>>> print(open('query_25.txt').read())   # compact mmCIF, C-alpha atoms
# COMPACT_ATOMS: atom_id res chain seq x y z
CA MET A 1 0.00 0.00 0.00
CA SER A 2 2.73 2.37 0.94
CA LYS A 3 4.15 1.85 -2.50
CA PHE A 4 1.23 3.66 -4.08
CA LYS A 5 1.30 6.52 -1.67
CA LYS A 6 4.85 7.10 -2.62
CA GLY A 7 3.94 7.50 -6.20
CA GLY A 8 1.18 9.91 -5.31
CA LYS A 9 -1.25 8.15 -7.66
CA ARG A 10 -4.38 6.12 -6.92
CA PRO A 11 -4.25 2.46 -7.99
CA THR A 12 -5.68 1.90 -11.42
CA GLY A 13 -5.81 -1.90 -11.34
CA ALA A 14 -8.84 -2.55 -9.06
CA ILE A 15 -12.20 -2.54 -10.80
CA SER A 16 -14.79 -0.76 -8.77
CA THR A 17 -17.38 -3.12 -7.38
CA ALA A 18 -19.56 -0.32 -6.15
CA SER A 19 -22.16 -0.95 -8.86
CA LEU A 20 -22.35 -4.67 -8.16
CA PRO A 21 -24.97 -4.27 -5.40
CA ASP A 22 -27.05 -2.20 -7.79
CA ILE A 23 -26.94 -4.92 -10.40
CA VAL A 24 -27.87 -7.60 -7.89
CA PHE A 25 -30.65 -5.45 -6.49
CA MET A 26 -31.96 -5.02 -9.98
CA LEU A 27 -32.02 -8.79 -10.39
CA LEU A 28 -33.73 -9.11 -7.03
CA PHE A 29 -36.44 -6.65 -7.96
CA PHE A 30 -36.98 -8.39 -11.26
CA PHE A 31 -37.55 -11.67 -9.47
CA MET A 32 -39.77 -10.05 -6.88
CA VAL A 33 -42.00 -8.72 -9.62
CA ALA A 34 -41.95 -11.82 -11.80
CA THR A 35 -42.66 -14.39 -9.12
CA VAL A 36 -45.22 -15.07 -6.48
CA LEU A 37 -44.69 -16.23 -2.94
CA ARG A 38 -45.43 -19.88 -2.48
CA THR A 39 -48.74 -19.72 -0.69
CA GLU A 40 -49.50 -23.29 0.15
CA ASP A 41 -47.78 -26.57 0.64
CA GLU A 42 -48.42 -29.14 -1.96
CA LYS A 43 -49.39 -32.23 -0.08
CA VAL A 44 -50.16 -34.39 -3.05
CA GLN A 45 -47.93 -35.53 -5.83
CA VAL A 46 -49.09 -33.96 -9.08
CA THR A 47 -47.50 -34.61 -12.44
CA ARG A 48 -49.58 -32.53 -14.80
CA PRO A 49 -50.39 -33.91 -18.22
CA GLU A 50 -49.11 -32.23 -21.36
CA ALA A 51 -51.42 -30.36 -23.69
CA SER A 52 -51.14 -27.87 -26.52
CA GLU A 53 -54.29 -25.76 -26.40
CA LEU A 54 -53.40 -23.88 -23.27
CA TYR A 55 -54.96 -20.75 -21.95
CA LYS A 56 -53.40 -18.46 -19.40
CA ILE A 57 -55.50 -16.52 -16.94
CA GLU A 58 -54.13 -13.04 -16.51
CA LYS A 59 -55.77 -12.16 -13.20
CA LYS A 60 -54.21 -14.65 -10.84
CA HIS A 61 -56.11 -13.51 -7.78
CA LEU A 62 -59.26 -14.92 -9.36
CA ILE A 63 -57.90 -18.47 -9.45
CA ARG A 64 -58.52 -21.07 -6.76
CA TYR A 65 -56.68 -24.37 -6.85
CA ILE A 66 -57.85 -27.91 -6.30
CA ASN A 67 -55.09 -30.50 -6.27
CA ILE A 68 -55.82 -34.14 -6.83
CA GLY A 69 -53.17 -36.83 -6.59
CA THR A 70 -51.59 -39.41 -4.34
CA PRO A 71 -50.38 -38.05 -0.98
CA MET A 72 -46.69 -37.15 -0.79
CA ASP A 73 -46.55 -38.72 2.64
CA ASN A 74 -47.55 -42.34 2.14
CA ARG A 75 -48.83 -42.59 5.70
CA TYR A 76 -51.97 -41.05 4.25
CA GLY A 77 -52.38 -43.87 1.79
CA THR A 78 -51.61 -44.40 -1.85
CA GLU A 79 -55.04 -43.65 -3.29
CA PRO A 80 -55.60 -40.24 -4.94
CA VAL A 81 -56.99 -37.62 -2.58
CA ILE A 82 -58.29 -34.08 -2.94
CA GLN A 83 -56.37 -31.18 -1.48
CA LEU A 84 -58.19 -27.91 -0.84
CA ASN A 85 -55.92 -25.15 0.43
CA ASP A 86 -53.70 -26.99 2.91
CA GLN A 87 -55.92 -29.90 3.80
CA PHE A 88 -57.00 -33.24 2.50
CA SER A 89 -60.71 -33.10 1.85
CA GLN A 90 -63.66 -35.08 0.65
CA ALA A 91 -65.46 -34.28 -2.58
CA SER A 92 -68.51 -33.35 -0.48
CA GLU A 93 -66.54 -30.49 1.09
CA VAL A 94 -65.89 -28.81 -2.24
CA GLN A 95 -69.18 -26.90 -2.29
CA ASP A 96 -68.61 -25.30 1.12
CA TRP A 97 -65.05 -24.50 0.17
CA ILE A 98 -66.17 -22.77 -3.03
CA LEU A 99 -68.68 -20.66 -1.11
CA LYS A 100 -65.99 -19.66 1.39
CA GLU A 101 -63.46 -18.85 -1.29
CA ARG A 102 -66.02 -16.80 -3.16
CA GLN A 103 -66.44 -14.59 -0.11
CA THR A 104 -62.77 -13.65 -0.30
CA LEU A 105 -63.37 -11.91 -3.62
CA SER A 106 -65.09 -8.59 -4.07
CA GLU A 107 -68.72 -8.78 -5.07
CA ALA A 108 -68.09 -7.68 -8.64
CA GLU A 109 -65.49 -10.39 -9.14
CA GLN A 110 -67.28 -13.30 -7.51
CA SER A 111 -68.76 -14.49 -10.76
CA LYS A 112 -65.37 -14.34 -12.43
CA MET A 113 -63.72 -16.88 -10.18
CA TRP A 114 -61.76 -19.66 -11.87
CA VAL A 115 -61.08 -23.05 -10.42
CA SER A 116 -57.85 -24.60 -11.56
CA LEU A 117 -57.81 -28.38 -11.34
CA LYS A 118 -54.30 -29.64 -10.84
CA VAL A 119 -54.74 -33.32 -11.34
CA ASP A 120 -52.09 -35.97 -11.57
CA GLN A 121 -52.10 -37.62 -14.98
CA GLU A 122 -52.44 -41.14 -13.61
CA THR A 123 -55.57 -40.34 -11.61
CA LYS A 124 -58.75 -42.17 -12.53
CA MET A 125 -61.60 -39.97 -13.69
CA GLY A 126 -64.02 -41.08 -10.96
CA ILE A 127 -62.68 -38.70 -8.34
CA VAL A 128 -62.33 -35.88 -10.88
CA THR A 129 -65.91 -36.34 -12.06
CA SER A 130 -67.23 -36.17 -8.51
CA VAL A 131 -65.33 -32.92 -7.92
CA LYS A 132 -66.69 -31.54 -11.19
CA GLN A 133 -70.25 -32.42 -10.17
CA GLU A 134 -69.72 -30.60 -6.87
CA LEU A 135 -68.38 -27.57 -8.71
CA ARG A 136 -71.48 -27.53 -10.89
CA GLN A 137 -73.70 -27.68 -7.84
CA ALA A 138 -71.79 -24.74 -6.36
CA SER A 139 -72.12 -22.88 -9.68
CA ALA A 140 -68.37 -22.61 -10.04
CA LEU A 141 -68.54 -23.36 -13.74
CA LYS A 142 -65.30 -21.88 -14.99
CA VAL A 143 -62.62 -24.51 -14.73
CA LEU A 144 -59.10 -24.78 -15.99
CA TYR A 145 -57.56 -28.21 -16.45
CA SER A 146 -54.02 -27.39 -15.53
CA ALA A 147 -51.39 -28.77 -17.90
CA THR A 148 -47.87 -28.22 -19.10
CA SER A 149 -47.24 -27.06 -22.60
CA ARG A 150 -46.26 -29.12 -25.64
CA ALA A 151 -46.51 -28.77 -29.39
CA ARG A 152 -49.71 -29.51 -31.27
CA THR A 153 -50.11 -33.00 -32.59
CA GLY A 154 -49.71 -33.25 -36.33
CA SER A 155 -48.40 -29.69 -36.41
CA GLU A 156 -46.98 -30.11 -39.90
CA GLU A 157 -50.22 -28.56 -41.16
CA MET B 1 -6.82 11.43 8.06
CA ALA B 2 -9.77 10.90 10.36
CA ARG B 3 -12.06 12.70 7.96
CA ARG B 4 -11.12 10.50 5.06
CA GLU B 5 -11.95 7.29 6.93
CA LEU B 6 -15.47 8.53 7.50
CA GLN B 7 -15.98 9.32 3.86
CA GLU B 8 -15.64 5.82 2.41
CA ILE B 9 -17.82 3.13 3.82
CA ASN B 10 -16.82 -0.19 2.40
CA ALA B 11 -19.57 -1.24 0.02
CA GLY B 12 -17.99 -4.53 -0.91
CA SER B 13 -20.24 -6.55 1.35
CA MET B 14 -23.32 -4.87 -0.02
CA ALA B 15 -23.23 -7.21 -2.99
CA ASP B 16 -23.14 -10.20 -0.66
CA ILE B 17 -26.15 -8.94 1.22
CA ALA B 18 -28.05 -8.37 -1.99
CA PHE B 19 -27.09 -11.81 -3.27
CA LEU B 20 -28.32 -13.32 -0.04
CA LEU B 21 -31.67 -11.58 -0.48
CA LEU B 22 -31.84 -12.67 -4.10
CA ILE B 23 -31.16 -16.29 -3.28
CA PHE B 24 -33.71 -16.20 -0.47
CA TRP B 25 -36.28 -14.92 -2.93
CA LEU B 26 -35.40 -17.50 -5.53
CA VAL B 27 -35.90 -20.30 -3.04
CA THR B 28 -39.16 -19.13 -1.51
CA THR B 29 -41.00 -18.17 -4.65
CA THR B 30 -42.20 -19.92 -7.76
CA ILE B 31 -42.64 -18.53 -11.20
CA GLU B 32 -46.34 -19.05 -11.42
CA SER B 33 -47.09 -20.69 -14.72
CA ASP B 34 -50.59 -21.93 -14.39
CA MET B 35 -51.83 -22.69 -17.82
CA GLY B 36 -54.46 -25.13 -18.79
CA ILE B 37 -57.42 -26.03 -20.92
CA LYS B 38 -60.31 -23.69 -20.31
CA ARG B 39 -63.74 -25.23 -19.91
CA GLN B 40 -67.15 -24.00 -18.95
CA LEU B 41 -69.03 -26.66 -17.03
CA PRO B 42 -72.73 -26.99 -17.78
CA PRO B 43 -75.01 -25.57 -15.09
CA PRO B 44 -76.60 -28.12 -12.76
CA VAL B 45 -79.68 -29.73 -14.25
CA PRO B 46 -82.71 -30.01 -11.97
CA PRO B 47 -83.67 -33.70 -11.71
CA ASP B 48 -87.24 -33.23 -12.94
CA ILE B 49 -86.36 -31.67 -16.28
CA ASP B 50 -86.08 -33.74 -19.41
CA VAL B 51 -83.20 -32.61 -21.54
CA PRO B 52 -84.35 -32.56 -25.16
CA GLN B 53 -82.44 -34.98 -27.32
CA ALA B 54 -80.51 -33.44 -30.17
CA LYS B 55 -80.72 -34.95 -33.62
CA GLU B 56 -78.39 -37.88 -34.06
CA GLN B 57 -76.54 -36.24 -36.93
CA ASP B 58 -75.99 -33.06 -34.89
CA VAL B 59 -74.03 -34.76 -32.14
CA PHE B 60 -70.44 -35.91 -32.42
CA ASN B 61 -70.13 -38.62 -29.79
CA VAL B 62 -66.80 -39.33 -28.21
CA LYS B 63 -66.75 -42.08 -25.62
CA VAL B 64 -63.75 -43.42 -23.78
CA ASN B 65 -63.74 -46.57 -21.72
CA PHE B 66 -61.85 -47.85 -18.67
CA LYS B 67 -59.04 -49.11 -20.88
CA ASP B 68 -58.60 -45.63 -22.38
CA GLN B 69 -59.95 -46.78 -25.73
CA LEU B 70 -61.98 -44.40 -27.84
CA LEU B 71 -65.31 -44.92 -29.50
CA VAL B 72 -66.05 -42.07 -31.87
CA GLU B 73 -69.42 -42.02 -33.62
CA GLY B 74 -69.76 -45.71 -32.87
CA GLN B 75 -66.37 -46.62 -34.34
CA PRO B 76 -63.17 -47.43 -32.45
CA LEU B 77 -60.62 -44.76 -33.26
CA ASP B 78 -57.03 -43.92 -32.54
CA ILE B 79 -56.54 -40.64 -30.70
CA GLN B 80 -54.27 -39.31 -33.46
CA GLU B 81 -57.19 -39.36 -35.86
CA LEU B 82 -59.59 -37.65 -33.50
CA LYS B 83 -58.65 -34.11 -34.47
CA ASN B 84 -59.34 -34.56 -38.17
CA LYS B 85 -62.58 -36.38 -37.43
CA ALA B 86 -63.72 -33.52 -35.20
CA LYS B 87 -62.72 -31.01 -37.86
CA SER B 88 -64.84 -32.79 -40.45
CA PHE B 89 -67.77 -32.68 -38.08
CA LEU B 90 -67.36 -28.96 -37.39
CA ILE B 91 -67.03 -28.15 -41.08
CA ALA B 92 -69.89 -30.51 -41.87
CA THR B 93 -70.16 -29.56 -45.50
CA GLY B 94 -68.41 -30.56 -48.66
CA ASP B 95 -68.15 -27.20 -50.35
CA GLY B 96 -66.85 -24.74 -47.80
CA VAL B 97 -68.32 -22.76 -44.97
CA ILE B 98 -68.15 -19.39 -46.72
CA SER B 99 -68.99 -18.29 -50.20
CA HIS B 100 -65.77 -17.55 -51.99
CA GLN B 101 -65.86 -14.10 -53.38
CA VAL B 102 -62.35 -13.51 -52.13
CA GLY B 103 -59.75 -15.47 -50.30
CA ASN B 104 -58.69 -19.02 -50.05
CA GLU B 105 -60.75 -21.60 -51.89
CA GLU B 106 -59.71 -24.25 -49.42
CA ILE B 107 -61.28 -22.72 -46.33
CA GLY B 108 -63.68 -25.00 -44.59
CA LYS B 109 -63.52 -27.70 -47.22
CA ASN B 110 -64.15 -31.02 -45.70
CA ARG B 111 -60.98 -32.97 -45.70
CA ASP B 112 -61.99 -36.60 -45.48
CA LEU B 113 -65.44 -36.64 -47.00
CA ILE B 114 -65.93 -37.55 -50.59
CA ASN B 115 -68.86 -35.29 -51.15
CA ALA B 116 -70.11 -33.79 -54.32
CA PRO B 117 -70.19 -30.00 -53.93
CA GLY B 118 -73.59 -28.82 -52.83
CA THR B 119 -74.57 -31.99 -51.03
CA ASP B 120 -74.68 -32.54 -47.32
CA ASN B 121 -73.68 -35.76 -45.72
CA GLY B 122 -76.31 -37.52 -43.67
CA ALA B 123 -73.94 -38.17 -40.79
CA PHE B 124 -73.19 -34.50 -40.31
CA PRO B 125 -75.19 -31.49 -39.18
CA ILE B 126 -76.57 -29.34 -41.95
CA ARG B 127 -75.02 -25.92 -42.17
CA GLU B 128 -77.44 -23.21 -43.23
CA TRP B 129 -76.65 -20.21 -45.35
CA VAL B 130 -76.65 -16.81 -43.71
CA ARG B 131 -77.19 -14.47 -46.66
CA GLU B 132 -76.61 -10.76 -46.50
CA ALA B 133 -79.96 -9.89 -48.12
CA ASP B 134 -81.90 -12.06 -45.64
CA VAL B 135 -80.04 -10.62 -42.68
CA ARG B 136 -80.75 -7.05 -43.82
CA LEU B 137 -84.45 -7.92 -44.16
CA LYS B 138 -84.52 -9.38 -40.66
CA ILE B 139 -82.77 -6.33 -39.21
CA ALA B 140 -85.29 -3.99 -40.82
CA GLU B 141 -88.10 -6.17 -39.53
CA TYR B 142 -86.85 -6.25 -35.96
CA GLU B 143 -86.11 -2.53 -35.94
CA GLN B 144 -89.82 -2.01 -36.61
CA ILE B 145 -90.80 -4.55 -33.97
CA VAL B 146 -88.63 -2.87 -31.33
CA ILE B 147 -90.32 0.46 -32.04
CA ILE B 148 -93.87 -0.83 -31.77
CA ALA B 149 -93.30 -3.45 -29.06
CA GLU B 150 -94.58 -3.00 -25.53
CA GLU B 151 -92.08 -1.61 -23.07
CA LYS B 152 -91.64 -4.88 -21.17
CA ASN B 153 -90.85 -6.85 -24.33
CA LYS B 154 -88.49 -4.33 -25.84
CA ASP B 155 -85.32 -5.74 -24.29
CA ALA B 156 -86.01 -9.22 -25.60
CA PHE B 157 -86.53 -7.92 -29.13
CA ARG B 158 -83.44 -5.72 -28.86
CA LYS B 159 -81.43 -8.85 -28.11
CA VAL B 160 -82.75 -10.57 -31.22
CA LEU B 161 -82.02 -7.45 -33.23
CA LYS B 162 -78.50 -7.40 -31.83
CA SER B 163 -77.89 -11.01 -32.84
CA TRP B 164 -78.93 -10.23 -36.42
CA GLN B 165 -76.76 -7.13 -36.46
CA ASP B 166 -73.83 -9.29 -35.31
CA LYS B 167 -74.46 -11.58 -38.25
CA LEU B 168 -74.35 -8.62 -40.60
CA THR B 169 -71.06 -7.47 -39.07
CA THR B 170 -69.72 -10.97 -39.60
CA ILE B 171 -70.71 -10.95 -43.26
CA THR B 172 -69.18 -7.51 -43.73
CA LEU B 173 -65.94 -8.56 -42.08
CA LEU B 174 -65.66 -11.84 -43.96
CA GLU B 175 -66.70 -10.01 -47.14
CA CYS B 176 -68.99 -12.87 -48.04
CA ASP B 177 -71.95 -14.92 -46.86
CA TYR B 178 -71.31 -17.86 -44.60
CA LYS B 179 -72.96 -21.07 -43.47
CA GLN B 180 -73.77 -21.46 -39.82
CA LEU B 181 -73.88 -24.64 -37.79
CA PRO B 182 -77.30 -25.53 -36.40
CA ALA B 183 -77.74 -24.52 -32.77
CA SER B 184 -78.02 -28.12 -31.66
CA ALA B 185 -74.71 -29.24 -33.19
CA LEU B 186 -72.27 -30.24 -30.50
CA ILE B 187 -69.36 -32.43 -29.62
CA SER B 188 -70.26 -34.61 -26.69
CA MET B 189 -67.74 -36.46 -24.59
CA GLN B 190 -68.38 -39.22 -22.14
CA ASN B 191 -65.84 -41.01 -20.02
CA ASP B 192 -65.72 -43.93 -17.65
CA ASN B 193 -64.86 -43.58 -13.99
CA ASN B 194 -61.74 -45.62 -14.59
CA THR B 195 -60.46 -43.61 -17.53
CA THR B 196 -57.12 -42.07 -16.65
CA TYR B 197 -57.04 -38.30 -16.40
CA ASN B 198 -54.26 -38.05 -18.96
CA THR B 199 -56.38 -39.71 -21.65
CA TYR B 200 -59.32 -37.52 -20.75
CA LEU B 201 -57.22 -34.38 -21.06
CA GLN B 202 -55.63 -35.50 -24.33
CA ILE B 203 -59.10 -35.94 -25.83
CA GLN B 204 -60.20 -32.53 -24.57
CA ASN B 205 -57.01 -31.14 -26.02
CA GLU B 206 -57.51 -32.71 -29.44
CA LEU B 207 -61.09 -31.46 -29.65
CA GLN B 208 -60.02 -27.98 -28.63
CA SER B 209 -57.19 -28.19 -31.11
CA ALA B 210 -59.65 -28.97 -33.91
CA VAL B 211 -61.69 -25.85 -33.13
CA ASN B 212 -58.61 -23.66 -32.72
CA GLU B 213 -56.97 -24.80 -35.95
CA LEU B 214 -60.12 -24.15 -37.97
CA ARG B 215 -60.47 -20.73 -36.38
CA ASP B 216 -56.81 -19.95 -37.03
CA GLU B 217 -57.18 -20.95 -40.66
CA LEU B 218 -60.15 -18.66 -41.18
CA ALA B 219 -58.67 -15.75 -39.23
CA LEU B 220 -55.34 -16.02 -41.05
CA SER B 221 -56.88 -15.96 -44.49
CA LYS B 222 -59.37 -13.19 -43.74
CA PHE B 223 -57.55 -10.94 -41.29
CA GLY B 224 -53.95 -12.00 -41.70
CA VAL B 225 -53.51 -12.94 -38.05
CA SER B 226 -54.26 -16.13 -36.20
CA TYR B 227 -57.29 -16.38 -33.95
CA ARG B 228 -55.05 -16.76 -30.91
CA GLU B 229 -53.38 -13.45 -31.68
CA LEU B 230 -56.77 -11.79 -32.03
CA GLU B 231 -57.71 -13.05 -28.59
CA GLU B 232 -54.43 -11.88 -27.13
CA VAL B 233 -54.86 -8.41 -28.59
CA TYR B 234 -58.38 -8.19 -27.25
CA GLY B 235 -57.28 -9.53 -23.86
CA LYS B 236 -54.84 -6.66 -23.52
CA ASN B 237 -57.30 -4.00 -24.56
CA LYS B 238 -60.95 -4.69 -23.86
CA GLN B 239 -61.99 -1.43 -25.56
CA ASP B 240 -60.79 -2.72 -28.91
CA LYS B 241 -64.16 -3.04 -30.69
CA SER B 242 -62.83 -3.98 -34.12
CA THR B 243 -60.83 -6.92 -32.77
CA LEU B 244 -63.86 -8.09 -30.83
CA GLU B 245 -65.91 -8.00 -34.00
CA LYS B 246 -63.31 -10.10 -35.77
CA ILE B 247 -63.36 -12.62 -32.93
CA THR B 248 -67.16 -12.72 -33.05
CA ALA B 249 -67.05 -13.27 -36.81
CA VAL B 250 -64.69 -16.23 -36.53
CA ARG B 251 -66.72 -17.68 -33.69
CA ALA B 252 -69.91 -17.33 -35.71
CA VAL B 253 -68.47 -19.60 -38.38
CA TYR B 254 -66.77 -22.02 -36.00
CA PRO B 255 -68.56 -22.01 -32.65
CA GLN B 256 -67.01 -23.84 -29.72
CA ARG B 257 -69.42 -26.60 -28.92
CA ILE B 258 -67.63 -29.06 -26.69
CA SER B 259 -69.84 -30.39 -23.97
CA GLU B 260 -69.44 -32.97 -21.30
CA ALA B 261 -72.23 -35.46 -21.03
CA GLU B 262 -73.88 -36.12 -17.70
CA PRO B 263 -71.80 -38.77 -15.96
CA LEU B 264 -73.33 -42.19 -15.81
CA ASP B 265 -73.91 -44.01 -12.56
CA ALA B 266 -71.15 -46.32 -11.50
CA GLU B 267 -73.31 -49.38 -12.15
CA ALA B 268 -74.40 -48.28 -15.59
CA THR B 269 -72.60 -49.90 -18.46
CA TYR B 270 -72.87 -48.53 -21.92
CA TYR B 271 -70.73 -50.83 -23.99
>>> encode(input="query_25.txt", output="structure tokens")
Amino acid sequence: MSKFKKGGKRPTGAISTASLPDIVFMLLFFFMVATVLRTEDEKVQVTRPEASELYKIEKKHLIRYINIGTPMDNRYGTEPVIQLNDQFSQASEVQDWILKERQTLSEAEQSKMWVSLKVDQETKMGIVTSVKQELRQASALKVLYSATSRARTGSEE
Amino acid sequence: MARRELQEINAGSMADIAFLLLIFWLVTTTIESDMGIKRQLPPPVPPDIDVPQAKEQDVFNVKVNFKDQLLVEGQPLDIQELKNKAKSFLIATGDGVISHQVGNEEIGKNRDLINAPGTDNGAFPIREWVREADVRLKIAEYEQIVIIAEEKNKDAFRKVLKSWQDKLTTITLLECDYKQLPASALISMQNDNNTTYNTYLQIQNELQSAVNELRDELALSKFGVSYRELEEVYGKNKQDKSTLEKITAVRAVYPQRISEAEPLDAEATYY
């Protein structure tokens, strides 16, 4: 260090890292805007099927999720179960749940609620059909069958 | 000397702190990518109401059994062929869904039917012409009716008038007359309780794909953009009337008619 003082010049070799925090903060803010906090634990194993005709709902606060799949923790069995919010539930509880969830939206938006069904691809349709029937009874008619994206079949056209 | 030490606070660790925050955020959040196939469930049917049966030729039946095998219109079918089959049903006519004053001659030509032009196949719904002259007559008629109708009935007649005006907008936008599907035409899907969800979703996807591809084809040839782009543009700006009219026009020619049949009881067997 004393060597530089002798010369009376500041060192030219070190690159200033003063802007590094700014860059990282910028990254941080980008991620904060682009992502959402994980709101609930997934208690069931869901591998979503692949599909090509996907639709994305812009207003995420209107979506409510129903997960159907085998429990992650096999103490709860190996048969597919329904998860509403953080709990395992019966199909018969879906109606009450819908009514409760609807109350969390403002009155103008209650009719615009979407229910996203995240269903494991190996699940049999019986349990899904019973949930769908409950949704109809609760007049929650807008559903989204959640899927991951793939190309259209026969897309050479 | 003492003054200089105060001036420079070491900012080197600031980056570490920021990185720490960044990594924390990366771990605790997810990039929400919830996409899926959109469906409108039918409203609940009261038990004492008889649902009228649609004409056999107006319904495209897709059934899938517990072994994930398909039965389409009474014939076993591979899922790869489902899309084209559904397209033929939606087109339903051998000589195009629009009259060709301009544009692509191929639009809406049935792809796997050997049909003489001008004939309709018995296994398909019959598309009816919507002619500009007829629509104009109807509009004039309903304009008169709205004026003379009683106050309580006016809204109902206005709705009818609006639907005819929409048809006229469609004809103007397409620059030609078109054939519409009968109101009872629909694609009906029925599954077994032991069908796997993946198969179910693939069928839904293929049916949706059939509708979307037909709509894209029409929108591309008439408006130069795909139907999906039209929807995206409208989704971003709901005030965009002209895009909405284009969407309505495409939908008038190719309506989305995918319905889910009432589930059968567990004991019921159908084949």
>>> residues_around(input="query_25.txt", residues="Glu231 (chain B)", least_positions_apart="5", cutoff="10 Å", atoms="only C-alpha atoms", output="count of residues only")
7
>>> residues_around(input="query_25.txt", residues="Glu109 (chain A)", least_positions_apart="6", cutoff="12 Å", atoms="only C-alpha atoms", output="list of chain:residue names")
A:Lys59, A:His61, A:Leu62, A:Ile63, A:Glu101, A:Arg102, A:Gln103
>>> interface_residues(input="query_25.txt", of="chain A", to="chain B", cutoff="7 Å", atoms="only C-alpha atoms", output="count of residues only")
36
>>> residues_near_point(input="query_25.txt", point="(-76.1, -23.1, -29.1)", cutoff="12 Å", atoms="all atoms listed in the file", output="PyMOL selection string")
chain B and resi 54+58+180-187+251-252+254-259
>>> residues_near_point(input="query_25.txt", point="(-56.9, -24.4, -10.5)", cutoff="7 Å", atoms="only C-alpha atoms", output="list in words")
Ile63, Arg64, Tyr65, Ile66, Trp114, Val115, Ser116, Leu117, Lys118, Leu144 and Ser146 of chain A
